[in-house]
Amino acid sequence: MEDHWILRRREDEEGYPRKTFNDPDSENYESQFLRDKARIIHSSAFRRLQSKTQVFSLGDSDFYRTRLTHTLEVAQIGASIASQLRFSGHRDQISTLIPSNSLIEAICLAHDLGHPPYGHGGEYSLNKFMYQDGGFEGNGQTLRIVCRLGEFSEQHGLDLTRRTLLGLLKYPAIHSQVANYDQVQANHSDTSSKLALYKPPKCIHDDDADLLEWIIKPFSESDRAILTELKSNPTGHAKTIRKSFDTSIMELADDIAYGVHDLEDAIAMGLVSHRIWEAEVMEQLPNHSGTELADIITRYTEKLFSGSHKQLKHGISNIVGGLIRDIEIRDLESGEHELIRFNACLTTDSAAILNILKNFVFKHVIKQRQNQILELKGQMIVEKLFEAILENPERLLKPDEFESFKVTGSKRILSDYVSGMTDVYASRLYSNLFLPQSGSLFDQL
């Protein structure tokens with residue numbers, strides 16, 4: 001591994017001695033990623049994930065997943081994917097590319113740090129105020145937290161290694177390059193029901209273009225062009241189409257956790273029935289018959305709906321294991337650097353089956369009426385809070401935040417503040433501001 005991948009921006013910009021190790025497999029390399037992992041786990045942004053929604057509203061049950069437990073599961077699945085790839089007999093030059101467990105765990109543990117209160121609903125509300133000022137998007141906010149807002153360094157946030165940051169770079173494009181808000185201009189209504197128009201592109205905020213430049217600096221000009229290539233969309237936002245090798249592992253782990261573990265919560269809470277499962281999932285499996293994963297799902301379907309938590313967990317665990325075993329390293333046949341040229345991918349049949357599971361969860365959980373009501377409620381809370389703070393910054397911001405806002409006038413300071421709230425904190429602040437019976441001098445906000 002080249003030394004520039006374990007370089008931290010603070011070292012690069014402030015003249016700190018650069019690390020040079022004679023042995024590429026030295027524990028010194030691994031210690032840098034262990035340090036990244038430690039900084040992430042001990043950050044306040046990581047702790048806040050325990051009070052942020054994954055799929056179901058906080059407080060309805062203590063069984064299902066929060067954003068924090070989801071993140072821990074993604075890290076575990078990511079490490080399992082890396083281990084499976086490491087021991088599946090790849091030729092030497094590719095096997096050295098596979099991230100260590102500490103590196104992939106650091107990437108996975110940090111991947112949702114920028115998740116705002118109330119999920120995508122909160123994200124749309126924040127972008128409504130920011131779309132003309134550099135945008136707001138959850139993945140872009142993750143990069144801001146680890147590179148600017150985290151506690152470890154005054155100027156550089158958690159100051160993680162460059163390779164960890166590269167792994168977090170899901171969408172290597174800035175907001176102004178990919179944004180298309182023609183529909184916003186065509187719809188003049190400013191009601192909350194129109195908030196979907198403010199759905200942000202997957203991107204980095206314009207304010208953080210320098211971070212993208214620093215992260216991808218070691219690549220050749222042609223590799224940088226490949227990594228940041230865009231697919232245009234005349235009726236909506238453009239999209240990035242490439243990601244680094246480490247990012248591809250993290251995204252697979254995230255997709256598996258969403259498609260399978262969130263399915264477990266839905267079954268346990270009785271939101272999906274055996275009958276619907278048979279009609280919408282099992283009916284599609286014959287298209288992928290003969291694959292190990294299809295056989296596993298067929299074999300364990302009765303356990304999933306047996307009513308036993310142990311049997312359900314056993315079935316879910318086997319489905320996750322089947323997906324992990326079907327991940328391979330694929331040569332994309334473009335790009336000079338191995339981190340660009342190779343990605344981890346599911347086999348074609350397993351990718352299709354995971355898509356079936358994700359669509360099933362989306363239809364019967366995410367789009368469920370009660371979840372939609374809660375998402376709309378979250379949108380309205382975040383929108384009202386931002387408006388109140390924008391109109392009364394001196395009274396509602398903390399003193400240091402107000403001083404920064406007074407000097408710069410940047411709404412980015414406000415979006416950093418609101419997006420960092422947990423669902424619980426945002427709800428409590430909303431109640432104190434807008435419900436007459438709530439609020440006290442002794443409330444700690």
# chains A, B, ... in the order shown; residues from 1 in each chain; ligands from 1

call {"tool": "closest_atom_pairs", "arguments": {"of": "region 237-322 of chain A", "to": "region 66-86 of chain A", "cutoff": "7 Å", "atoms": "only C-alpha atoms", "output": "CSV"}}
result
residue,atom,partner,partner_atom,distance
A:Ile249,CA,A:Gly78,CA,6.2
A:Met250,CA,A:Gly78,CA,5.8
A:Ala253,CA,A:Gly78,CA,5.1
A:Asp254,CA,A:Val74,CA,5.4
A:Ala257,CA,A:Val74,CA,6.1

call {"tool": "residues_around", "arguments": {"residues": "Gly167 (chain A)", "least_positions_apart": "4", "cutoff": "7 Å", "atoms": "only C-alpha atoms", "output": "PDB file with N, CA, C and O atoms, in the first residue's frame"}}
result
ATOM      1  N   ILE A 107     -14.806   2.266   7.642  1.00  0.00           N
ATOM      2  CA  ILE A 107     -15.634   2.833   6.565  1.00  0.00           C
ATOM      3  C   ILE A 107     -17.116   2.584   6.840  1.00  0.00           C
ATOM      4  O   ILE A 107     -17.952   3.493   6.739  1.00  0.00           O
ATOM      5  N   ARG A 163      -7.385   6.738   2.661  1.00  0.00           N
ATOM      6  CA  ARG A 163      -8.076   5.565   2.112  1.00  0.00           C
ATOM      7  C   ARG A 163      -9.424   5.347   2.791  1.00  0.00           C
ATOM      8  O   ARG A 163     -10.390   4.938   2.135  1.00  0.00           O
ATOM      9  N   SER A 244     -14.987   3.472  -5.641  1.00  0.00           N
ATOM     10  CA  SER A 244     -13.747   2.743  -5.392  1.00  0.00           C
ATOM     11  C   SER A 244     -14.050   1.332  -4.909  1.00  0.00           C
ATOM     12  O   SER A 244     -15.181   1.004  -4.534  1.00  0.00           O
ATOM     13  N   ASP A 246     -13.148  -0.246  -2.089  1.00  0.00           N
ATOM     14  CA  ASP A 246     -13.605  -0.319  -0.704  1.00  0.00           C
ATOM     15  C   ASP A 246     -15.062   0.124  -0.588  1.00  0.00           C
ATOM     16  O   ASP A 246     -15.841  -0.456   0.167  1.00  0.00           O
ATOM     17  N   THR A 247     -15.427   1.164  -1.326  1.00  0.00           N
ATOM     18  CA  THR A 247     -16.808   1.647  -1.294  1.00  0.00           C
ATOM     19  C   THR A 247     -17.768   0.578  -1.777  1.00  0.00           C
ATOM     20  O   THR A 247     -18.879   0.432  -1.249  1.00  0.00           O
TER      21      THR A 247
END

call {"tool": "residues_around", "arguments": {"residues": "region 387-397 of chain A", "least_positions_apart": "4", "cutoff": "8 Å", "atoms": "only C-alpha atoms", "output": "ChimeraX atom specification"}}
result
/A:383,401-402,411,414

call {"tool": "write_last_selection", "arguments": {"atoms": "N, CA, C and O atoms", "output": "PDB file, in the first residue's frame"}}
result
ATOM      1  N   GLU A 383     -38.372  21.137   8.970  1.00  0.00           N
ATOM      2  CA  GLU A 383     -38.616  22.375   8.235  1.00  0.00           C
ATOM      3  C   GLU A 383     -38.927  23.531   9.185  1.00  0.00           C
ATOM      4  O   GLU A 383     -38.369  24.627   9.056  1.00  0.00           O
ATOM      5  N   GLU A 401     -21.859  28.809  17.875  1.00  0.00           N
ATOM      6  CA  GLU A 401     -22.466  28.657  16.552  1.00  0.00           C
ATOM      7  C   GLU A 401     -23.014  29.987  16.046  1.00  0.00           C
ATOM      8  O   GLU A 401     -22.896  30.309  14.863  1.00  0.00           O
ATOM      9  N   PHE A 402     -23.592  30.778  16.969  1.00  0.00           N
ATOM     10  CA  PHE A 402     -24.110  32.076  16.547  1.00  0.00           C
ATOM     11  C   PHE A 402     -22.976  33.006  16.115  1.00  0.00           C
ATOM     12  O   PHE A 402     -23.119  33.740  15.129  1.00  0.00           O
ATOM     13  N   LYS A 411     -25.724  29.723   5.693  1.00  0.00           N
ATOM     14  CA  LYS A 411     -26.759  28.793   6.137  1.00  0.00           C
ATOM     15  C   LYS A 411     -26.191  27.392   6.378  1.00  0.00           C
ATOM     16  O   LYS A 411     -26.859  26.561   7.012  1.00  0.00           O
ATOM     17  N   LEU A 414     -26.243  26.520   9.928  1.00  0.00           N
ATOM     18  CA  LEU A 414     -27.553  26.107  10.417  1.00  0.00           C
ATOM     19  C   LEU A 414     -27.865  24.675  10.012  1.00  0.00           C
ATOM     20  O   LEU A 414     -28.409  23.900  10.808  1.00  0.00           O
TER      21      LEU A 414
END

call {"tool": "select_by_dssp", "arguments": {"residues": "region 70-116 of chain A", "states": "helix (DSSP H, G or I)", "output": "PyMOL selection string"}}
result
chain A and resi 70-86+92-95+101-110

call {"tool": "closest_residue", "arguments": {"among": "A:Gly335, A:Leu293, A:Glu251, A:Lys377", "to": "Thr347 (chain A)", "atoms": "only C-alpha atoms"}}
result
A:Leu293

call {"tool": "residues_around", "arguments": {"residues": "Val146 (chain A)", "least_positions_apart": "5", "cutoff": "10 Å", "atoms": "only C-alpha atoms", "output": "number ranges by chain"}}
result
A: 36, 39-40, 43, 45, 110, 113-114, 141, 151-153, 156-160, 165, 168

call {"tool": "write_last_selection", "arguments": {"atoms": "N, CA and C atoms", "output": "PDB file, in the first residue's frame"}}
result
ATOM      1  N   ASP A  36      -8.417   5.207  12.963  1.00  0.00           N
ATOM      2  CA  ASP A  36      -9.621   5.739  12.316  1.00  0.00           C
ATOM      3  C   ASP A  36     -10.883   5.170  12.968  1.00  0.00           C
ATOM      4  N   ARG A  39     -11.514   6.659  16.401  1.00  0.00           N
ATOM      5  CA  ARG A  39     -12.004   8.042  16.358  1.00  0.00           C
ATOM      6  C   ARG A  39     -13.482   8.093  15.979  1.00  0.00           C
ATOM      7  N   ILE A  40     -13.882   7.214  15.084  1.00  0.00           N
ATOM      8  CA  ILE A  40     -15.290   7.171  14.663  1.00  0.00           C
ATOM      9  C   ILE A  40     -16.173   6.710  15.815  1.00  0.00           C
ATOM     10  N   SER A  43     -16.716   9.291  18.524  1.00  0.00           N
ATOM     11  CA  SER A  43     -17.234  10.598  18.117  1.00  0.00           C
ATOM     12  C   SER A  43     -18.673  10.783  18.590  1.00  0.00           C
ATOM     13  N   ALA A  45     -20.992  12.163  16.840  1.00  0.00           N
ATOM     14  CA  ALA A  45     -21.872  11.847  15.710  1.00  0.00           C
ATOM     15  C   ALA A  45     -22.237  10.366  15.705  1.00  0.00           C
ATOM     16  N   ALA A 110     -18.661   4.577   9.751  1.00  0.00           N
ATOM     17  CA  ALA A 110     -18.826   6.011   9.491  1.00  0.00           C
ATOM     18  C   ALA A 110     -19.847   6.303   8.402  1.00  0.00           C
ATOM     19  N   LEU A 113     -22.943   8.606   9.355  1.00  0.00           N
ATOM     20  CA  LEU A 113     -22.802   9.656  10.362  1.00  0.00           C
ATOM     21  C   LEU A 113     -23.559  10.921   9.982  1.00  0.00           C
ATOM     22  N   GLY A 114     -23.709  11.183   8.692  1.00  0.00           N
ATOM     23  CA  GLY A 114     -24.392  12.387   8.245  1.00  0.00           C
ATOM     24  C   GLY A 114     -25.898  12.241   8.115  1.00  0.00           C
ATOM     25  N   GLN A 141     -22.994  15.068   4.002  1.00  0.00           N
ATOM     26  CA  GLN A 141     -22.839  15.510   5.387  1.00  0.00           C
ATOM     27  C   GLN A 141     -21.904  14.582   6.155  1.00  0.00           C
ATOM     28  N   GLU A 151     -14.657  16.028  16.405  1.00  0.00           N
ATOM     29  CA  GLU A 151     -13.996  16.657  17.546  1.00  0.00           C
ATOM     30  C   GLU A 151     -12.467  16.539  17.577  1.00  0.00           C
ATOM     31  N   PHE A 152     -11.895  15.621  16.824  1.00  0.00           N
ATOM     32  CA  PHE A 152     -10.479  15.340  17.042  1.00  0.00           C
ATOM     33  C   PHE A 152      -9.567  16.508  16.668  1.00  0.00           C
ATOM     34  N   SER A 153      -9.889  17.200  15.583  1.00  0.00           N
ATOM     35  CA  SER A 153      -9.008  18.261  15.072  1.00  0.00           C
ATOM     36  C   SER A 153      -9.818  19.533  14.866  1.00  0.00           C
ATOM     37  N   HIS A 156      -9.805  19.830  10.864  1.00  0.00           N
ATOM     38  CA  HIS A 156      -9.959  18.670   9.987  1.00  0.00           C
ATOM     39  C   HIS A 156     -10.834  17.560  10.571  1.00  0.00           C
ATOM     40  N   GLY A 157     -11.737  17.904  11.453  1.00  0.00           N
ATOM     41  CA  GLY A 157     -12.692  16.929  11.959  1.00  0.00           C
ATOM     42  C   GLY A 157     -12.028  15.742  12.631  1.00  0.00           C
ATOM     43  N   LEU A 158     -12.430  14.541  12.233  1.00  0.00           N
ATOM     44  CA  LEU A 158     -11.833  13.324  12.791  1.00  0.00           C
ATOM     45  C   LEU A 158     -10.479  13.027  12.161  1.00  0.00           C
ATOM     46  N   ASP A 159     -10.146  13.736  11.085  1.00  0.00           N
ATOM     47  CA  ASP A 159      -8.843  13.619  10.417  1.00  0.00           C
ATOM     48  C   ASP A 159      -8.482  12.161  10.144  1.00  0.00           C
ATOM     49  N   LEU A 160      -9.325  11.507   9.352  1.00  0.00           N
ATOM     50  CA  LEU A 160      -9.120  10.099   9.010  1.00  0.00           C
ATOM     51  C   LEU A 160      -8.117   9.968   7.877  1.00  0.00           C
ATOM     52  N   LEU A 165     -11.312   7.739   3.874  1.00  0.00           N
ATOM     53  CA  LEU A 165     -12.167   8.754   3.258  1.00  0.00           C
ATOM     54  C   LEU A 165     -12.577   8.345   1.847  1.00  0.00           C
ATOM     55  N   LEU A 168     -15.455   6.095   1.986  1.00  0.00           N
ATOM     56  CA  LEU A 168     -16.702   6.776   2.325  1.00  0.00           C
ATOM     57  C   LEU A 168     -17.279   7.571   1.156  1.00  0.00           C
TER      58      LEU A 168
END

call {"tool": "residues_around", "arguments": {"residues": "region 419-425 of chain A", "least_positions_apart": "4", "cutoff": "8 Å", "atoms": "only C-alpha atoms", "output": "number ranges by chain"}}
result
A: 45, 48-49, 51-53, 58, 114-118, 122, 126, 415, 429, 445

call {"tool": "closest_residue", "arguments": {"among": "A:Lys384, A:Lys37, A:Lys310, A:Arg341", "to": "Phe219 (chain A)", "atoms": "only C-alpha atoms"}}
result
A:Arg341

call {"tool": "atom_distance", "arguments": {"atom1": "CA of Asp112 (chain A)", "atom2": "CA of Gln311 (chain A)"}}
result
29.8 Å

call {"tool": "closest_residue", "arguments": {"among": "A:Glu105, A:Glu11, A:Glu336, A:Asp3", "to": "Gln155 (chain A)", "atoms": "only C-alpha atoms"}}
result
A:Glu11
